[in-house]
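Asker: Dropping in model_23.txt, which is compact mmCIF, C-alpha atoms:
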```
# COMPACT_ATOMS: atom_id res chain seq x y z
CA MET A 288 32.38 -18.64 -31.33
CA THR A 289 29.43 -20.40 -32.89
CA ILE A 290 28.46 -23.62 -31.21
CA ASN A 291 26.91 -26.19 -33.48
CA LYS A 292 24.03 -28.42 -32.45
CA LYS A 293 23.60 -27.19 -28.89
CA LEU A 294 20.48 -28.56 -27.23
CA SER A 295 17.18 -26.72 -27.27
CA ARG A 296 15.16 -26.39 -24.04
CA ALA A 297 13.01 -29.32 -25.15
CA GLU A 298 16.06 -31.48 -25.91
CA MET A 299 17.57 -30.64 -22.52
CA ALA A 300 14.30 -31.66 -20.88
CA GLN A 301 14.33 -34.90 -22.86
CA ARG A 302 17.89 -35.60 -21.73
CA VAL A 303 16.97 -35.03 -18.06
CA ALA A 304 13.88 -37.23 -18.43
CA ALA A 305 16.03 -40.10 -19.73
CA ASP A 306 17.80 -40.21 -16.32
CA ILE A 307 14.59 -40.42 -14.27
CA GLN A 308 13.73 -43.98 -13.34
CA GLU A 309 10.26 -45.44 -13.10
CA GLY A 310 8.93 -45.14 -9.56
CA ALA A 311 10.91 -42.01 -8.74
CA TYR A 312 9.31 -39.22 -6.68
CA VAL A 313 10.28 -36.04 -8.50
CA ASN A 314 9.74 -32.31 -8.10
CA LEU A 315 10.14 -30.24 -11.27
CA GLY A 316 11.00 -26.62 -10.50
CA ILE A 317 9.20 -23.66 -12.00
CA GLY A 318 10.18 -22.74 -15.57
CA ALA A 319 12.14 -24.94 -17.97
CA PRO A 320 12.26 -27.98 -15.61
CA THR A 321 8.49 -28.40 -15.98
CA LEU A 322 9.14 -29.41 -19.61
CA VAL A 323 10.72 -32.65 -18.31
CA ALA A 324 7.20 -33.95 -17.64
CA ASN A 325 6.57 -34.06 -21.40
CA TYR A 326 9.31 -36.66 -21.94
CA LEU A 327 8.70 -39.27 -19.24
CA GLY A 328 6.84 -41.50 -21.69
CA ASP A 329 5.18 -44.55 -20.18
CA LYS A 330 7.28 -44.52 -17.03
CA GLU A 331 5.24 -44.26 -13.82
CA VAL A 332 6.97 -41.29 -12.19
CA PHE A 333 5.34 -39.52 -9.23
CA LEU A 334 5.42 -35.76 -9.73
CA HIS A 335 5.33 -33.74 -6.53
CA SER A 336 4.20 -30.13 -6.36
CA GLU A 337 5.08 -28.32 -3.15
CA ASN A 338 1.65 -26.76 -2.78
CA GLY A 339 0.32 -30.19 -1.86
CA LEU A 340 0.11 -32.65 -4.74
CA LEU A 341 1.61 -36.05 -5.50
CA GLY A 342 0.73 -37.63 -8.82
CA MET A 343 0.39 -34.33 -10.62
CA GLY A 344 -0.92 -34.74 -14.16
CA PRO A 345 -0.80 -32.59 -17.29
CA SER A 346 -2.65 -29.33 -18.00
CA PRO A 347 -6.43 -29.70 -18.11
CA ALA A 348 -8.39 -29.47 -21.34
CA PRO A 349 -9.76 -25.99 -22.06
CA GLY A 350 -12.86 -25.43 -19.95
CA GLU A 351 -11.81 -28.08 -17.40
CA GLU A 352 -9.62 -25.74 -15.31
CA ASP A 353 -10.20 -25.78 -11.54
CA ASP A 354 -8.85 -22.83 -9.53
CA ASP A 355 -8.31 -25.13 -6.53
CA LEU A 356 -6.01 -27.38 -8.58
CA ILE A 357 -2.82 -25.55 -9.46
CA ASN A 358 0.90 -26.28 -9.39
CA ALA A 359 3.73 -24.40 -7.68
CA GLY A 360 3.86 -22.01 -10.63
CA LYS A 361 0.13 -21.35 -10.03
CA GLN A 362 -0.83 -22.88 -13.38
CA HIS A 363 -3.87 -25.12 -13.69
CA VAL A 364 -2.99 -28.83 -13.58
CA THR A 365 -4.74 -32.16 -13.09
CA LEU A 366 -4.31 -35.03 -10.64
CA LEU A 367 -3.64 -38.53 -11.93
CA THR A 368 -5.74 -41.44 -10.74
CA GLY A 369 -4.03 -42.51 -7.50
CA GLY A 370 -2.77 -39.01 -6.75
CA ALA A 371 -3.09 -37.33 -3.35
CA TYR A 372 -3.54 -33.94 -1.72
CA PHE A 373 -1.85 -32.88 1.53
CA HIS A 374 -1.02 -29.75 3.50
CA HIS A 375 2.14 -27.68 3.29
CA ALA A 376 3.96 -29.06 6.33
CA ASP A 377 3.54 -32.61 5.01
CA SER A 378 4.61 -31.48 1.56
CA PHE A 379 7.88 -30.06 2.83
CA SER A 380 8.45 -33.06 5.10
CA MET A 381 8.53 -35.04 1.87
CA MET A 382 11.47 -32.90 0.74
CA ARG A 383 13.34 -32.21 3.94
CA GLY A 384 12.80 -35.72 5.23
CA GLY A 385 14.64 -37.19 2.25
CA HIS A 386 11.61 -38.87 0.69
CA LEU A 387 11.83 -37.05 -2.62
CA ASP A 388 14.26 -38.76 -5.00
CA ILE A 389 14.97 -35.93 -7.43
CA ALA A 390 14.44 -32.20 -7.71
CA VAL A 391 15.10 -30.63 -11.11
CA LEU A 392 15.88 -26.94 -10.72
CA GLY A 393 16.98 -24.01 -12.84
CA ALA A 394 20.04 -22.01 -11.82
CA PHE A 395 21.87 -18.72 -12.22
CA GLN A 396 25.15 -20.36 -11.21
CA VAL A 397 26.52 -23.67 -9.94
CA SER A 398 29.93 -23.83 -8.28
CA VAL A 399 32.56 -26.48 -8.75
CA LYS A 400 31.58 -27.79 -5.29
CA GLY A 401 27.91 -28.09 -6.20
CA ASP A 402 26.78 -24.89 -4.50
CA LEU A 403 23.61 -23.56 -6.09
CA ALA A 404 22.48 -19.98 -6.70
CA ASN A 405 19.00 -19.74 -8.18
CA TRP A 406 16.75 -17.55 -6.04
CA HIS A 407 18.00 -13.99 -5.98
CA THR A 408 20.33 -11.89 -8.07
CA GLY A 409 21.06 -9.68 -5.09
CA ALA A 410 20.68 -6.70 -7.44
CA GLU A 411 19.96 -3.31 -5.89
CA GLY A 412 16.20 -2.79 -5.67
CA SER A 413 15.22 -6.37 -6.47
CA ILE A 414 12.65 -7.92 -4.17
CA PRO A 415 13.82 -11.21 -2.67
CA ALA A 416 11.45 -14.17 -3.09
CA VAL A 417 12.61 -17.69 -2.27
CA GLY A 418 9.53 -19.92 -2.33
CA GLY A 419 10.50 -23.58 -1.99
CA ALA A 420 13.89 -23.29 -3.69
CA MET A 421 16.03 -23.70 -0.58
CA ASP A 422 13.93 -26.55 0.79
CA LEU A 423 14.15 -28.42 -2.52
CA ALA A 424 17.89 -27.81 -2.84
CA THR A 425 18.56 -29.03 0.68
CA GLY A 426 15.95 -31.73 0.96
CA ALA A 427 15.80 -33.76 -2.24
CA ARG A 428 18.11 -36.78 -2.35
CA GLN A 429 19.46 -35.70 -5.72
CA VAL A 430 19.34 -32.21 -7.18
CA PHE A 431 19.57 -31.99 -10.95
CA VAL A 432 20.22 -28.55 -12.38
CA MET A 433 18.96 -27.74 -15.85
CA MET A 434 20.38 -24.52 -17.29
CA ASP A 435 22.16 -22.93 -20.22
CA HIS A 436 25.92 -23.40 -20.05
CA LEU A 437 26.53 -19.70 -20.67
CA THR A 438 24.73 -16.50 -19.74
CA LYS A 439 23.21 -14.38 -22.48
CA THR A 440 26.42 -12.36 -22.48
CA GLY A 441 28.55 -15.47 -22.85
CA GLU A 442 29.86 -15.96 -19.32
CA SER A 443 30.07 -19.46 -17.85
CA LYS A 444 27.34 -20.34 -15.34
CA LEU A 445 29.72 -22.95 -13.92
CA VAL A 446 31.83 -20.94 -11.51
CA PRO A 447 34.62 -21.46 -8.95
CA ALA A 448 32.33 -19.93 -6.30
CA CYS A 449 28.85 -18.44 -6.71
CA THR A 450 28.75 -14.65 -6.82
CA TYR A 451 24.95 -14.58 -6.55
CA PRO A 452 23.36 -15.30 -3.14
CA LEU A 453 23.37 -19.03 -2.37
CA THR A 454 20.33 -21.28 -2.36
CA GLY A 455 22.16 -24.27 -0.91
CA ILE A 456 25.69 -25.47 -0.22
CA GLY A 457 27.09 -28.54 -2.01
CA CYS A 458 23.59 -29.67 -2.90
CA VAL A 459 23.79 -30.22 -6.68
CA SER A 460 24.39 -33.78 -7.91
CA ARG A 461 24.23 -33.39 -11.68
CA ILE A 462 24.11 -30.50 -14.16
CA TYR A 463 22.39 -30.62 -17.55
CA THR A 464 23.29 -27.75 -19.87
CA ASP A 465 22.69 -27.13 -23.55
CA LEU A 466 26.28 -28.28 -24.12
CA ALA A 467 26.98 -31.09 -21.64
CA VAL A 468 25.98 -33.30 -18.74
CA LEU A 469 28.29 -32.99 -15.73
CA ASP A 470 28.45 -34.73 -12.37
CA VAL A 471 29.52 -32.91 -9.23
CA THR A 472 32.25 -35.09 -7.70
CA PRO A 473 34.61 -34.55 -4.77
CA ASP A 474 37.36 -33.90 -7.34
CA GLY A 475 35.35 -31.34 -9.33
CA LEU A 476 32.94 -31.32 -12.26
CA LYS A 477 33.21 -34.47 -14.35
CA VAL A 478 31.89 -34.46 -17.91
CA VAL A 479 29.47 -37.34 -18.39
CA GLU A 480 28.46 -36.45 -21.91
CA ILE A 481 29.02 -33.65 -24.40
CA CYS A 482 25.69 -32.87 -26.08
CA ALA A 483 26.79 -30.27 -28.63
CA ASP A 484 29.20 -30.58 -31.51
CA LEU A 485 32.19 -29.66 -29.36
CA SER A 486 35.49 -31.23 -28.34
CA PHE A 487 36.30 -31.58 -24.65
CA GLU A 488 38.92 -28.86 -25.09
CA ALA A 489 36.37 -26.50 -26.63
CA LEU A 490 33.89 -27.23 -23.83
CA GLN A 491 36.65 -26.61 -21.29
CA ALA A 492 37.49 -23.30 -22.95
CA LEU A 493 33.87 -22.15 -22.55
CA SER A 494 33.60 -23.26 -18.91
CA GLY A 495 34.71 -21.13 -16.01
CA VAL A 496 36.11 -24.03 -13.99
CA PRO A 497 38.44 -26.95 -14.66
CA LEU A 498 36.51 -29.95 -15.99
CA ILE A 499 37.38 -33.64 -15.58
CA GLU A 500 37.25 -35.64 -18.82
CA MET B 230 -25.08 -26.90 22.46
CA ILE B 231 -21.73 -25.98 20.99
CA ASP B 232 -22.07 -23.95 17.83
CA LYS B 233 -18.96 -22.40 16.29
CA THR B 234 -20.80 -21.19 13.22
CA HIS B 235 -21.35 -17.48 12.67
CA SER B 236 -24.08 -16.02 10.53
CA SER B 237 -22.05 -13.02 9.43
CA ILE B 238 -18.47 -12.36 8.44
CA ALA B 239 -18.37 -9.30 10.70
CA SER B 240 -19.18 -11.37 13.78
CA ALA B 241 -16.68 -14.06 12.74
CA LEU B 242 -13.95 -11.40 12.58
CA ALA B 243 -14.73 -9.76 15.93
CA GLY B 244 -11.72 -8.97 18.09
CA ILE B 245 -9.15 -8.28 15.37
CA THR B 246 -7.51 -5.04 16.39
CA ASP B 247 -4.71 -2.72 15.35
CA GLY B 248 -1.40 -4.52 15.70
CA SER B 249 -2.85 -8.06 15.54
CA THR B 250 -0.78 -10.85 13.98
CA LEU B 251 -2.73 -12.85 11.38
CA LEU B 252 -2.01 -16.04 9.52
CA ILE B 253 -3.76 -15.91 6.15
CA GLY B 254 -4.15 -19.13 4.17
CA GLY B 255 -3.79 -19.71 0.47
CA PHE B 256 -1.18 -20.38 -2.16
CA GLY B 257 -1.78 -17.75 -4.79
CA ASN B 258 -5.54 -17.58 -4.96
CA ALA B 259 -6.15 -21.28 -4.16
CA GLY B 260 -7.34 -21.40 -0.56
CA MET B 261 -7.31 -17.63 -0.16
CA PRO B 262 -10.13 -16.64 2.25
CA SER B 263 -11.18 -13.69 0.10
CA ALA B 264 -14.52 -13.01 1.80
CA LEU B 265 -12.87 -12.87 5.25
CA ILE B 266 -10.21 -10.53 3.88
CA ASP B 267 -12.90 -8.27 2.40
CA GLY B 268 -14.61 -8.22 5.78
CA LEU B 269 -11.32 -7.37 7.44
CA ILE B 270 -10.69 -4.46 5.06
CA ALA B 271 -14.07 -3.04 6.06
CA LEU B 272 -12.88 -3.00 9.69
CA ARG B 273 -9.85 -0.89 8.67
CA PRO B 274 -7.41 -2.27 11.21
CA ARG B 275 -3.91 -0.79 11.15
CA GLU B 276 -0.39 -2.09 11.78
CA LEU B 277 -1.24 -5.74 11.14
CA THR B 278 1.49 -8.36 10.81
CA ILE B 279 0.50 -10.85 8.12
CA ILE B 280 1.97 -14.33 7.71
CA SER B 281 1.08 -15.85 4.35
CA ASN B 282 2.88 -17.63 1.51
CA ASN B 283 2.56 -14.77 -0.95
CA ALA B 284 2.05 -11.03 -0.72
CA GLY B 285 -1.05 -10.79 -2.84
CA ASN B 286 -1.99 -11.16 -6.49
CA GLY B 287 -3.74 -8.59 -8.63
CA ASP B 288 -6.08 -6.24 -6.77
CA THR B 289 -8.17 -8.63 -4.70
CA GLY B 290 -7.76 -10.63 -1.48
CA LEU B 291 -4.46 -10.06 0.29
CA ALA B 292 -3.41 -7.45 -2.29
CA ALA B 293 -6.52 -5.41 -1.44
CA LEU B 294 -5.69 -5.62 2.29
CA LEU B 295 -2.21 -4.27 1.58
CA LYS B 296 -3.60 -1.55 -0.67
CA ALA B 297 -5.98 -0.46 2.09
CA GLY B 298 -2.95 0.35 4.25
CA CYS B 299 -3.75 -2.17 6.97
CA VAL B 300 -0.43 -4.02 7.02
CA ARG B 301 2.85 -3.03 8.68
CA LYS B 302 4.80 -6.24 8.09
CA ILE B 303 4.48 -9.35 5.98
CA ILE B 304 6.23 -12.66 6.60
CA CYS B 305 6.12 -14.82 3.48
CA SER B 306 8.14 -17.01 1.14
CA PHE B 307 7.36 -15.54 -2.25
CA PRO B 308 6.24 -11.91 -2.40
CA ARG B 309 7.40 -11.14 -5.91
CA GLN B 310 5.14 -12.35 -8.71
CA SER B 311 4.07 -11.10 -12.11
CA ASP B 312 0.94 -9.57 -10.59
CA SER B 313 2.18 -8.53 -7.13
CA TYR B 314 2.29 -4.87 -8.11
CA VAL B 315 0.46 -3.68 -4.98
CA PHE B 316 3.08 -5.21 -2.69
CA ASP B 317 5.95 -4.17 -4.98
CA ALA B 318 4.95 -0.51 -4.84
CA LEU B 319 4.54 -0.49 -1.04
CA TYR B 320 7.87 -2.27 -0.57
CA ARG B 321 9.75 0.06 -2.87
CA ALA B 322 8.19 3.04 -1.10
CA GLY B 323 9.41 1.65 2.25
CA GLU B 324 5.84 1.41 3.53
CA ILE B 325 5.89 -2.29 4.39
CA GLU B 326 8.38 -4.50 6.19
CA LEU B 327 9.24 -7.86 4.62
CA GLU B 328 10.61 -11.05 6.17
CA VAL B 329 11.33 -13.69 3.53
CA VAL B 330 11.26 -17.28 4.84
CA PRO B 331 11.94 -20.44 2.81
CA GLN B 332 8.54 -22.01 2.17
CA GLY B 333 9.22 -25.23 4.07
CA ASN B 334 10.60 -23.33 7.05
CA LEU B 335 7.52 -21.11 6.93
CA ALA B 336 5.24 -24.16 7.00
CA GLU B 337 7.21 -25.88 9.75
CA ARG B 338 7.41 -22.71 11.88
CA ILE B 339 3.63 -22.48 11.68
CA ARG B 340 3.22 -26.19 12.43
CA ALA B 341 5.65 -25.86 15.36
CA ALA B 342 3.60 -23.01 16.82
CA GLY B 343 0.49 -25.16 16.67
CA SER B 344 2.26 -28.18 18.11
CA GLY B 345 3.89 -26.65 21.18
CA ILE B 346 7.43 -26.87 19.81
CA GLY B 347 9.73 -24.21 21.29
CA ALA B 348 12.04 -24.07 18.25
CA PHE B 349 13.58 -26.55 15.83
CA PHE B 350 16.71 -27.09 13.77
CA SER B 351 16.16 -27.09 9.99
CA PRO B 352 18.80 -27.77 7.34
CA THR B 353 17.04 -25.44 4.88
CA GLY B 354 18.78 -22.13 4.30
CA TYR B 355 22.01 -23.01 6.08
CA GLY B 356 24.84 -20.84 4.77
CA THR B 357 22.49 -18.46 2.93
CA LEU B 358 21.36 -14.87 3.43
CA LEU B 359 18.14 -16.12 5.01
CA ALA B 360 20.01 -17.76 7.89
CA GLU B 361 22.17 -14.77 8.73
CA GLY B 362 22.28 -14.05 12.44
CA LYS B 363 20.55 -17.32 13.34
CA GLU B 364 21.97 -19.95 15.67
CA THR B 365 23.36 -23.00 13.85
CA ARG B 366 24.35 -26.46 15.00
CA GLU B 367 26.00 -29.51 13.48
CA ILE B 368 24.00 -32.66 14.20
CA ASP B 369 25.31 -36.02 12.97
CA GLY B 370 27.56 -34.29 10.46
CA ARG B 371 24.88 -32.08 8.95
CA GLN B 372 24.44 -28.33 9.47
CA TYR B 373 21.17 -26.91 10.79
CA VAL B 374 19.65 -23.50 11.52
CA LEU B 375 17.52 -22.79 14.58
CA GLU B 376 14.04 -21.69 13.54
CA MET B 377 11.40 -20.22 15.84
CA PRO B 378 7.67 -20.96 15.78
CA LEU B 379 5.28 -18.46 14.19
CA HIS B 380 2.34 -17.85 16.52
CA ALA B 381 -0.59 -15.65 15.62
CA ASP B 382 -3.58 -14.03 17.27
CA PHE B 383 -5.87 -15.09 14.44
CA ALA B 384 -5.83 -17.38 11.41
CA LEU B 385 -8.04 -16.59 8.42
CA ILE B 386 -8.41 -19.68 6.26
CA LYS B 387 -10.68 -21.20 3.67
CA ALA B 388 -12.01 -24.75 3.76
CA HIS B 389 -14.59 -26.63 1.74
CA ARG B 390 -17.04 -27.99 4.32
CA GLY B 391 -17.34 -27.39 8.03
CA ASP B 392 -19.74 -28.31 10.82
CA ARG B 393 -20.81 -26.60 14.04
CA TRP B 394 -18.00 -28.28 16.00
CA GLY B 395 -15.43 -26.78 13.62
CA ASN B 396 -14.46 -29.99 11.82
CA LEU B 397 -13.18 -29.22 8.34
CA THR B 398 -12.54 -30.76 4.95
CA TYR B 399 -10.73 -28.99 2.15
CA ARG B 400 -10.87 -29.03 -1.61
CA LYS B 401 -7.88 -30.18 -3.71
CA ALA B 402 -4.75 -28.02 -3.54
CA ALA B 403 -6.68 -25.27 -1.73
CA ARG B 404 -5.83 -27.19 1.46
CA ASN B 405 -2.22 -25.88 1.42
CA PHE B 406 -1.62 -23.88 4.64
CA GLY B 407 -5.14 -24.25 6.12
CA PRO B 408 -4.63 -27.17 8.52
CA ILE B 409 -1.40 -25.86 10.05
CA MET B 410 -2.56 -22.25 10.27
CA ALA B 411 -5.71 -23.33 12.10
CA MET B 412 -3.48 -25.02 14.69
CA ALA B 413 -1.12 -22.06 15.17
CA ALA B 414 -3.58 -19.26 15.95
CA LYS B 415 -5.33 -18.44 19.22
CA THR B 416 -8.49 -17.95 17.15
CA ALA B 417 -8.93 -19.75 13.83
CA ILE B 418 -11.63 -18.20 11.64
CA VAL B 419 -12.71 -20.32 8.71
CA GLN B 420 -14.59 -19.41 5.56
CA VAL B 421 -16.27 -22.55 4.21
CA ASP B 422 -18.21 -23.18 1.02
CA GLN B 423 -20.82 -25.06 2.99
CA ILE B 424 -21.81 -25.71 6.60
CA VAL B 425 -23.09 -29.26 7.05
CA GLU B 426 -24.84 -31.11 9.88
CA LEU B 427 -22.74 -32.89 12.48
CA GLY B 428 -22.04 -36.39 11.22
CA GLU B 429 -22.12 -35.50 7.57
CA LEU B 430 -18.34 -35.27 7.44
CA ASP B 431 -16.88 -38.77 7.46
CA PRO B 432 -14.71 -38.95 10.62
CA GLU B 433 -12.13 -40.87 8.57
CA HIS B 434 -11.85 -37.91 6.20
CA ILE B 435 -11.90 -34.90 8.53
CA ILE B 436 -8.62 -33.07 7.81
CA THR B 437 -8.81 -30.42 10.55
CA PRO B 438 -10.52 -31.64 13.74
CA GLY B 439 -12.67 -29.00 15.40
CA ILE B 440 -10.35 -28.55 18.38
CA PHE B 441 -8.22 -26.30 16.15
CA VAL B 442 -11.13 -24.15 14.97
CA GLN B 443 -13.03 -21.42 16.84
CA ARG B 444 -15.29 -19.80 14.23
CA VAL B 445 -16.86 -20.99 10.98
CA VAL B 446 -18.76 -18.88 8.49
CA ALA B 447 -20.38 -20.03 5.25
CA VAL B 448 -19.53 -18.19 2.05
CA PRO B 449 -21.22 -20.23 -0.67
CA ASP B 450 -19.48 -20.70 -3.98
CA ALA B 451 -16.60 -18.42 -3.15
CA THR B 452 -14.41 -20.35 -5.56
CA THR B 453 -16.56 -19.60 -8.56
CA ALA B 454 -17.78 -16.11 -7.69
CA PRO B 455 -14.92 -13.75 -6.87
CA ILE B 456 -16.02 -10.91 -4.66
CA ALA B 457 -15.67 -7.40 -6.05
CA HIS B 458 -13.57 -4.97 -4.06
CA ALA B 459 -13.90 -1.31 -3.40
CA SER B 460 -10.44 0.23 -3.49
```
Rewrite the coordinates I just gave you, this time as structure tokens.
Answerer:
Amino acid sequence: MTINKKLSRAEMAQRVAADIQEGAYVNLGIGAPTLVANYLGDKEVFLHSENGLLGMGPSPAPGEEDDDLINAGKQHVTLLTGGAYFHHADSFSMMRGGHLDIAVLGAFQVSVKGDLANWHTGAEGSIPAVGGAMDLATGARQVFVMMDHLTKTGESKLVPACTYPLTGIGCVSRIYTDLAVLDVTPDGLKVVEICADLSFEALQALSGVPLIE
Amino acid sequence: MIDKTHSSIASALAGITDGSTLLIGGFGNAGMPSALIDGLIALRPRELTIISNNAGNGDTGLAALLKAGCVRKIICSFPRQSDSYVFDALYRAGEIELEVVPQGNLAERIRAAGSGIGAFFSPTGYGTLLAEGKETREIDGRQYVLEMPLHADFALIKAHRGDRWGNLTYRKAARNFGPIMAMAAKTAIVQVDQIVELGELDPEHIITPGIFVQRVVAVPDATTAPIAHAS
């Protein structure tokens, strides 16, 4: 079926950014979540990068790149006035110690219980690499997932139980897809908002788990 | 007079032997002690165990050490990257052992080794493949995994400035694993951009106090002048 008006990556990022309050300490995962930074507007939000930055700023102007100033994706970045550098153990204490308000992460799958799979497909011959994914999933006070609702082959990424290897158990608070915003609740996934031109019934039909209206 | 500075990389690396366990600093290429690694490759040690965040990028630094056949096992959080082809080939050929550790557990295991902690319970990784076979415990309603410290014979790290007592400052995000790796090794060997006189480093701003550092060697402008490698 053709879905009208589903959100683009940029629009999803904009939707996530709208839920981030001024003053929040936030880690944006590698990939699409980094786009969220473009839509924070005038809000003072403290961006954390696990390689030892708080107050991470935008990309430097051409010619201003500094190889000692990179983000977790190893791209050149800048530091805002008031930002700070610290070592890795301190950086992960910020996560694990519950000091980080929000982590925005991509995902392969999220289960109805908020389990997250985003680090490894488990495919034969693939090389496992976890980075900070498990620490972020477990440590941040709230984990926002930003992902397409369906895989490229049309299967729901919302699942009764993850079939890919887990990153964390029951760690996801809210899911932003190109079709909807959903909260993980003790009763299941509750639809907060439908972002595409879809009825609840149509959204339900596309989703691999029962949704709460 | 105490002088931890060395005039050559070879003398700074003395004592590293086949089978040594080495912590190597850096996150990608930021903080990678490339000159020390080049010096190490020249020594051709075998059967090293390397603990580092990544498993090398491109053909230089850690990737060159792997390519030279010096490494038996690597303990890291993120081996697979767009330019980690040297590691990828060795791994697929079964020529290198890999232990993947969540990045925060990696950092804390290193910190624990340097801090005299016997082991610690971390919530990270509970219920995942990376906690399989490990002891777990519920504490105040939350599940934790027992993680062991990561000790090493040597640490190879890069800092910005150092003095003859081994006090160090770092530059920007190149600090990453340096301070905790220096603590966790029996011998911490540091490549610095500049050796300065005692007192030039503001005591309020020293990040690694010299007690954690055994050897310092100056490699000027290493950040701006990558060292060429013989393969």
Asker: For chain A against chain B, with a cut-off of 7 Å and counting only C-alpha atoms, what is the closest atom pair and its distance in Å to one decimal for every residue that makes the cut, ordered by chain and number, as a Markdown table?
Answerer:
```
| residue | atom | partner | partner_atom | distance |
| --- | --- | --- | --- | --- |
| A:Asn338 | CA | B:Asn405 | CA | 5.8 |
| A:Gly339 | CA | B:Ala402 | CA | 5.8 |
| A:Leu340 | CA | B:Ala402 | CA | 6.8 |
| A:Asp354 | CA | B:Ala259 | CA | 6.2 |
| A:Asp355 | CA | B:Ala259 | CA | 5.0 |
| A:Leu356 | CA | B:Ala402 | CA | 5.2 |
| A:Ile357 | CA | B:Ala402 | CA | 6.7 |
| A:Lys361 | CA | B:Gly257 | CA | 6.6 |
| A:Tyr372 | CA | B:Lys401 | CA | 6.1 |
| A:Phe373 | CA | B:Arg404 | CA | 6.9 |
| A:His374 | CA | B:Asn405 | CA | 4.6 |
| A:His375 | CA | B:Asn405 | CA | 5.1 |
| A:Ala376 | CA | B:Ala336 | CA | 5.1 |
| A:Phe379 | CA | B:Gly333 | CA | 5.2 |
| A:Ile414 | CA | B:Arg309 | CA | 6.4 |
| A:Ala416 | CA | B:Phe307 | CA | 4.4 |
| A:Val417 | CA | B:Ser306 | CA | 5.7 |
| A:Gly418 | CA | B:Ser306 | CA | 4.7 |
| A:Gly419 | CA | B:Gln332 | CA | 4.9 |
| A:Met421 | CA | B:Gly354 | CA | 5.8 |
| A:Asp422 | CA | B:Thr353 | CA | 5.3 |
| A:Thr425 | CA | B:Thr353 | CA | 5.7 |
| A:Pro452 | CA | B:Leu358 | CA | 6.9 |
| A:Leu453 | CA | B:Thr357 | CA | 5.4 |
| A:Thr454 | CA | B:Thr357 | CA | 6.4 |
| A:Gly455 | CA | B:Gly354 | CA | 6.6 |
| A:Ile456 | CA | B:Gly356 | CA | 6.9 |
```
Asker: Could you list, as a PyMOL selection string, every residue within 7 Å of A:Lys444, counting only C-alpha atoms and ignoring same-chain residues fewer than 6 positions away?
Answerer: chain A and resi 395-397+436-438
Asker: Would you compute the distance between atom CA of A:Cys449 and atom CA of A:Ser398? Give it in Å to one decimal.
Answerer: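 Computing the Euclidean distance for atom CA of A:Cys449 and atom CA of A:Ser398 yields 5.7 Å.
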Asker: Please, which residues in stretch 373-417 of chain B fall within 6 Å of stretch 422-430 of chain B when counting all atoms listed in the file, and what is the closest atom pair and distance in Å to one decimal for each, ordered by chain then residue number, as CSV?
Answerer:
```
residue,atom,partner,partner_atom,distance
B:His389,CA,B:Asp422,CA,5.1
B:Arg390,CA,B:Gln423,CA,5.0
B:Gly391,CA,B:Ile424,CA,5.0
B:Asp392,CA,B:Val425,CA,5.1
```
Asker: Neighbours of A:Ala483 within 9 Å (only C-alpha atoms; same-chain residues fewer than 2 positions away dropped), as a PDB file with C-alpha atoms, keeping the file's coordinate frame?
Answerer:
```pdb
ATOM      1  CA  ILE A 290      28.460 -23.620 -31.210  1.00  0.00           C
ATOM      2  CA  ASN A 291      26.910 -26.190 -33.480  1.00  0.00           C
ATOM      3  CA  LYS A 292      24.030 -28.420 -32.450  1.00  0.00           C
ATOM      4  CA  LYS A 293      23.600 -27.190 -28.890  1.00  0.00           C
ATOM      5  CA  LEU A 294      20.480 -28.560 -27.230  1.00  0.00           C
ATOM      6  CA  ASP A 465      22.690 -27.130 -23.550  1.00  0.00           C
ATOM      7  CA  LEU A 466      26.280 -28.280 -24.120  1.00  0.00           C
ATOM      8  CA  ALA A 467      26.980 -31.090 -21.640  1.00  0.00           C
ATOM      9  CA  ILE A 481      29.020 -33.650 -24.400  1.00  0.00           C
ATOM     10  CA  LEU A 485      32.190 -29.660 -29.360  1.00  0.00           C
ATOM     11  CA  SER A 486      35.490 -31.230 -28.340  1.00  0.00           C
TER      12      SER A 486
END
```
Asker: Mind pulling up the distance from atom CA of A:Ala394 to atom CA of A:Met299?
Answerer: 14.0 Å
Asker: When distances are computed from only C-alpha atoms, which of A:Val323, A:Ile462, A:Leu403, A:Leu334 shows the smallest separation from A:Ala359?
Answerer: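 The shortest atom-to-atom distance to A:Ala359 comes from A:Leu334.
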Asker: Given the point (14.5, -44.8, -8.3) in the file's coordinates, find the residues that have an atom at most 10 Å from it, counting only C-alpha atoms, and give them as number ranges by chain.
Answerer: A: 306-313, 332, 387-389
Asker: Distance atom CA of B:Lys387-atom CA of B:Val448, one decimal place?
Answerer: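 Separating atom CA of B:Lys387 from atom CA of B:Val448 is a distance of 9.5 Å.
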Asker: Mind checking which residues fall within 6 Å of B:Ala348, counting all atoms listed in the file, ignoring those fewer than 5 positions away in the same chain, and posting them as a list in words?
Answerer: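 Residues meeting the cut-off are Glu376, Met377 and Pro378 of chain B.
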Asker: With only C-alpha atoms as the atoms that count, which of B:Thr234, B:Thr289, B:Ser240, B:Ser263 lies nearest to B:Gln443?
Answerer: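 So, comparing all the options, the nearest one is B:Thr234.
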Asker: With C-alpha atoms as the atom set, please write stretch 292-300 of chain B from the structure just given, as a compact mmCIF listing (two decimals), in the first residue's frame.
Answerer:
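Contents of the output file result_13.txt:
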```
# COMPACT_ATOMS: atom_id res chain seq x y z
CA ALA B 292 45.96 -0.89 11.69
CA ALA B 293 49.66 -1.01 10.75
CA LEU B 294 50.46 -2.91 13.96
CA LEU B 295 47.80 -5.48 13.10
CA LYS B 296 49.03 -5.71 9.52
CA ALA B 297 52.56 -6.37 10.76
CA GLY B 298 51.27 -9.54 12.44
CA CYS B 299 52.13 -8.45 15.98
CA VAL B 300 48.71 -8.96 17.56
```
